file run14.tsv (TSV, C-alpha atoms)
chain	number	residue	atom	x	y	z
W	29	MET	CA	185.26	150.95	34.88
W	30	ALA	CA	182.72	148.40	36.14
W	31	ARG	CA	183.60	146.04	38.92
W	32	SER	CA	183.53	142.34	38.42
W	33	VAL	CA	180.71	140.54	40.25
W	34	THR	CA	183.27	138.22	41.73
W	35	ALA	CA	185.49	141.00	43.08
W	36	LYS	CA	185.85	141.04	46.88
W	37	LYS	CA	184.51	144.11	48.65
W	38	ASN	CA	186.78	145.50	51.32
W	39	VAL	CA	187.31	142.09	53.00
W	40	LYS	CA	189.38	142.48	56.15
W	41	PRO	CA	191.69	139.67	57.18
W	42	ALA	CA	190.21	137.44	59.88
W	43	LYS	CA	191.31	138.36	63.39
W	44	ALA	CA	192.88	135.71	65.55
W	45	PHE	CA	190.25	134.20	67.88
W	46	ASN	CA	190.49	135.81	71.29
W	47	ARG	CA	189.37	133.73	74.25
W	48	PRO	CA	186.56	135.54	76.09
W	49	PRO	CA	187.33	136.44	79.70
W	50	TYR	CA	184.29	134.53	80.97
W	51	VAL	CA	183.67	130.97	79.76
W	52	LEU	CA	180.45	129.63	81.25
W	53	ASP	CA	181.50	125.97	81.04
W	54	GLU	CA	184.43	126.71	83.36
W	55	GLN	CA	182.44	128.42	86.12
W	56	VAL	CA	181.89	126.64	89.42
W	57	GLY	CA	178.24	127.69	89.70
W	58	PHE	CA	177.41	126.36	86.24
W	59	ILE	CA	179.22	123.08	86.89
W	60	LEU	CA	177.53	122.67	90.28
W	61	ARG	CA	174.14	123.31	88.67
W	62	GLN	CA	174.80	120.61	86.07
W	63	VAL	CA	175.90	118.17	88.78
W	64	TRP	CA	172.77	119.07	90.79
W	65	GLN	CA	170.57	118.45	87.74
W	66	ARG	CA	172.16	115.01	87.28
W	67	HIS	CA	171.75	114.20	90.98
W	68	SER	CA	168.12	115.40	90.97
W	69	SER	CA	167.35	113.17	88.02
W	70	ILE	CA	168.85	110.15	89.81
W	71	PHE	CA	166.96	111.12	92.97
W	72	ALA	CA	163.59	111.41	91.20
W	73	ARG	CA	164.12	108.07	89.48
W	74	ASP	CA	165.34	106.11	92.51
W	75	ILE	CA	163.90	107.55	95.72
W	76	GLY	CA	160.97	105.15	95.45
W	77	THR	CA	158.13	107.51	96.27
W	78	ASN	CA	156.84	110.92	95.28
W	79	LEU	CA	159.13	113.07	97.44
W	80	THR	CA	161.15	116.10	96.43
W	81	PRO	CA	164.76	116.46	97.57
W	82	THR	CA	163.70	119.18	100.04
W	83	GLN	CA	160.94	116.96	101.46
W	84	TRP	CA	163.43	114.11	101.84
W	85	ALA	CA	165.89	116.48	103.54
W	86	ALA	CA	163.25	117.46	106.12
W	87	LEU	CA	162.16	113.85	106.72
W	88	SER	CA	165.68	112.52	107.05
W	89	LYS	CA	166.79	115.38	109.32
W	90	LEU	CA	163.79	114.83	111.59
W	91	ALA	CA	164.60	111.11	111.69
W	92	GLU	CA	168.16	112.04	112.63
W	93	THR	CA	167.48	114.74	115.24
W	94	GLY	CA	163.95	114.12	116.46
W	95	SER	CA	161.39	116.83	117.03
W	96	CYS	CA	162.54	120.43	116.63
W	97	SER	CA	161.17	123.85	115.85
W	98	GLN	CA	160.21	124.57	112.26
W	99	ASN	CA	162.76	127.41	112.17
W	100	GLN	CA	165.52	125.15	113.50
W	101	LEU	CA	164.63	122.49	110.93
W	102	GLY	CA	164.90	125.13	108.21
W	103	ARG	CA	168.37	126.07	109.41
W	104	LEU	CA	169.44	122.41	109.66
W	105	THR	CA	168.29	121.73	106.09
W	106	ALA	CA	169.45	125.05	104.58
W	107	MET	CA	165.91	126.20	103.75
W	108	ASP	CA	164.50	129.66	104.27
W	109	VAL	CA	161.41	130.23	106.40
W	110	ALA	CA	158.93	130.20	103.51
W	111	THR	CA	160.42	127.07	101.92
W	112	ILE	CA	160.48	124.99	105.11
W	113	LYS	CA	156.91	126.04	105.91
W	114	GLY	CA	155.73	124.84	102.49
W	115	VAL	CA	157.67	121.59	102.82
W	116	ILE	CA	156.23	120.88	106.27
W	117	ASP	CA	152.71	121.81	105.13
W	118	ARG	CA	152.97	119.27	102.28
W	119	LEU	CA	154.48	116.56	104.50
W	120	THR	CA	151.80	117.15	107.13
W	121	ALA	CA	149.06	116.93	104.48
W	122	ARG	CA	150.51	113.53	103.55
W	123	GLY	CA	150.46	112.38	107.18
W	124	LEU	CA	154.27	112.19	107.43
W	125	THR	CA	154.85	115.03	109.89
W	126	GLU	CA	152.84	116.76	112.55
W	127	THR	CA	153.18	120.12	114.21
W	128	SER	CA	152.43	121.23	117.74
W	129	GLN	CA	152.98	124.27	119.90
W	130	ASP	CA	156.15	124.20	121.97
W	131	PRO	CA	154.98	123.86	125.59
W	132	ASP	CA	157.84	126.15	126.70
W	133	ASP	CA	157.19	128.84	124.08
W	134	GLY	CA	153.71	129.10	122.55
W	135	ARG	CA	155.08	131.15	119.65
W	136	ARG	CA	157.28	128.28	118.51
W	137	LEU	CA	155.97	125.49	116.28
W	138	LEU	CA	157.50	122.06	116.82
W	139	VAL	CA	157.69	119.58	113.97
W	140	SER	CA	157.98	115.83	114.40
W	141	LEU	CA	157.61	112.74	112.29
W	142	THR	CA	154.44	110.71	112.54
W	143	ARG	CA	154.77	106.96	112.79
W	144	ALA	CA	154.21	106.79	109.00
W	145	GLY	CA	156.90	109.45	108.48
W	146	GLN	CA	159.39	107.55	110.65
W	147	GLN	CA	158.66	104.31	108.81
W	148	LEU	CA	159.03	106.00	105.42
W	149	ALA	CA	162.33	107.63	106.43
W	150	GLU	CA	163.69	104.25	107.54
W	151	LYS	CA	162.42	102.54	104.38
W	152	LEU	CA	163.91	105.16	102.02
W	153	ALA	CA	167.31	105.60	103.70
W	154	PRO	CA	168.89	102.75	101.65
W	155	ASN	CA	167.51	104.32	98.44
W	156	ALA	CA	168.97	107.70	99.41
W	157	LEU	CA	172.36	106.13	100.10
W	158	ALA	CA	172.25	104.38	96.71
W	159	ILE	CA	171.41	107.72	95.05
W	160	THR	CA	174.50	109.27	96.62
W	161	ARG	CA	176.63	106.32	95.49
W	162	GLU	CA	175.35	106.63	91.91
W	163	THR	CA	175.89	110.40	91.87
W	164	LEU	CA	179.50	109.86	92.93
W	165	ALA	CA	180.05	106.71	90.83
W	166	PRO	CA	182.19	108.39	88.12
W	167	LEU	CA	184.80	109.17	90.81
W	168	GLU	CA	187.42	106.88	92.32
W	169	PRO	CA	187.07	106.30	96.10
W	170	LYS	CA	189.85	108.80	96.97
W	171	GLU	CA	188.28	111.37	94.62
W	172	ARG	CA	184.90	110.94	96.38
W	173	GLU	CA	186.52	111.62	99.74
W	174	LEU	CA	188.36	114.65	98.40
W	175	LEU	CA	185.23	116.03	96.72
W	176	MET	CA	183.27	115.81	99.98
W	177	VAL	CA	186.09	117.50	101.90
W	178	LEU	CA	186.29	120.30	99.33
W	179	LEU	CA	182.51	120.79	99.11
W	180	ASN	CA	182.27	120.96	102.90
W	181	LYS	CA	185.03	123.56	102.87
W	182	LEU	CA	182.97	125.69	100.45
W	183	ARG	CA	179.86	125.68	102.68

call {"tool": "encode", "arguments": {"input": "run14.tsv", "output": "structure tokens"}}
result
Amino acid sequence: MARSVTAKKNVKPAKAFNRPPYVLDEQVGFILRQVWQRHSSIFARDIGTNLTPTQWAALSKLAETGSCSQNQLGRLTAMDVATIKGVIDRLTARGLTETSQDPDDGRRLLVSLTRAGQQLAEKLAPNALAITRETLAPLEPKERELLMVLLNKLR
């Protein structure tokens, strides 16, 4: 007996959809990366000059603390040795930072802002504050405070 072309072949009933144990959209790292991407986009658009976030971090930290060793600056800005070296090399090439040997320890390299670097840091500080405000704009004031408390707790 020939089968009908329209006959169903061993069709199993559909299983109920099981939620996977790992949902990417619910993971803190994925969410933080998306927030970082949004913040980076705002930063690039509004900083007002051709600086990367890591370059701005180094400039603003030097404006805040004054001269310090390159290694210490890396620790203060959460950058590894290779990254901070590259950042300082690029800032120095632009005339925004300068390096010198530590008079107390010839093995240590001190980094400081040049006059142009200090002026740029002062000029861009309002832009950087506005970038932070825009990044946090979707939140209510109490939510902003709570977010900062919670993020600092996760450091």

call {"tool": "closest_residue", "arguments": {"input": "run14.tsv", "among": "W:Pro81, W:Gly94, W:Gly134, W:Pro166", "to": "Val115 (chain W)", "atoms": "all atoms listed in the file"}}
result
W:Pro81

call {"tool": "atom_distance", "arguments": {"input": "run14.tsv", "atom1": "CA of Gln83 (chain W)", "atom2": "CA of Leu182 (chain W)"}}
result
23.7 Å

call {"tool": "closest_residue", "arguments": {"input": "run14.tsv", "among": "W:Leu164, W:Phe58, W:Thr82, W:Thr93", "to": "Ala106 (chain W)", "atoms": "all atoms listed in the file"}}
result
W:Thr82

call {"tool": "atom_distance", "arguments": {"input": "run14.tsv", "atom1": "CA of Leu138 (chain W)", "atom2": "CA of Thr77 (chain W)"}}
result
25.2 Å
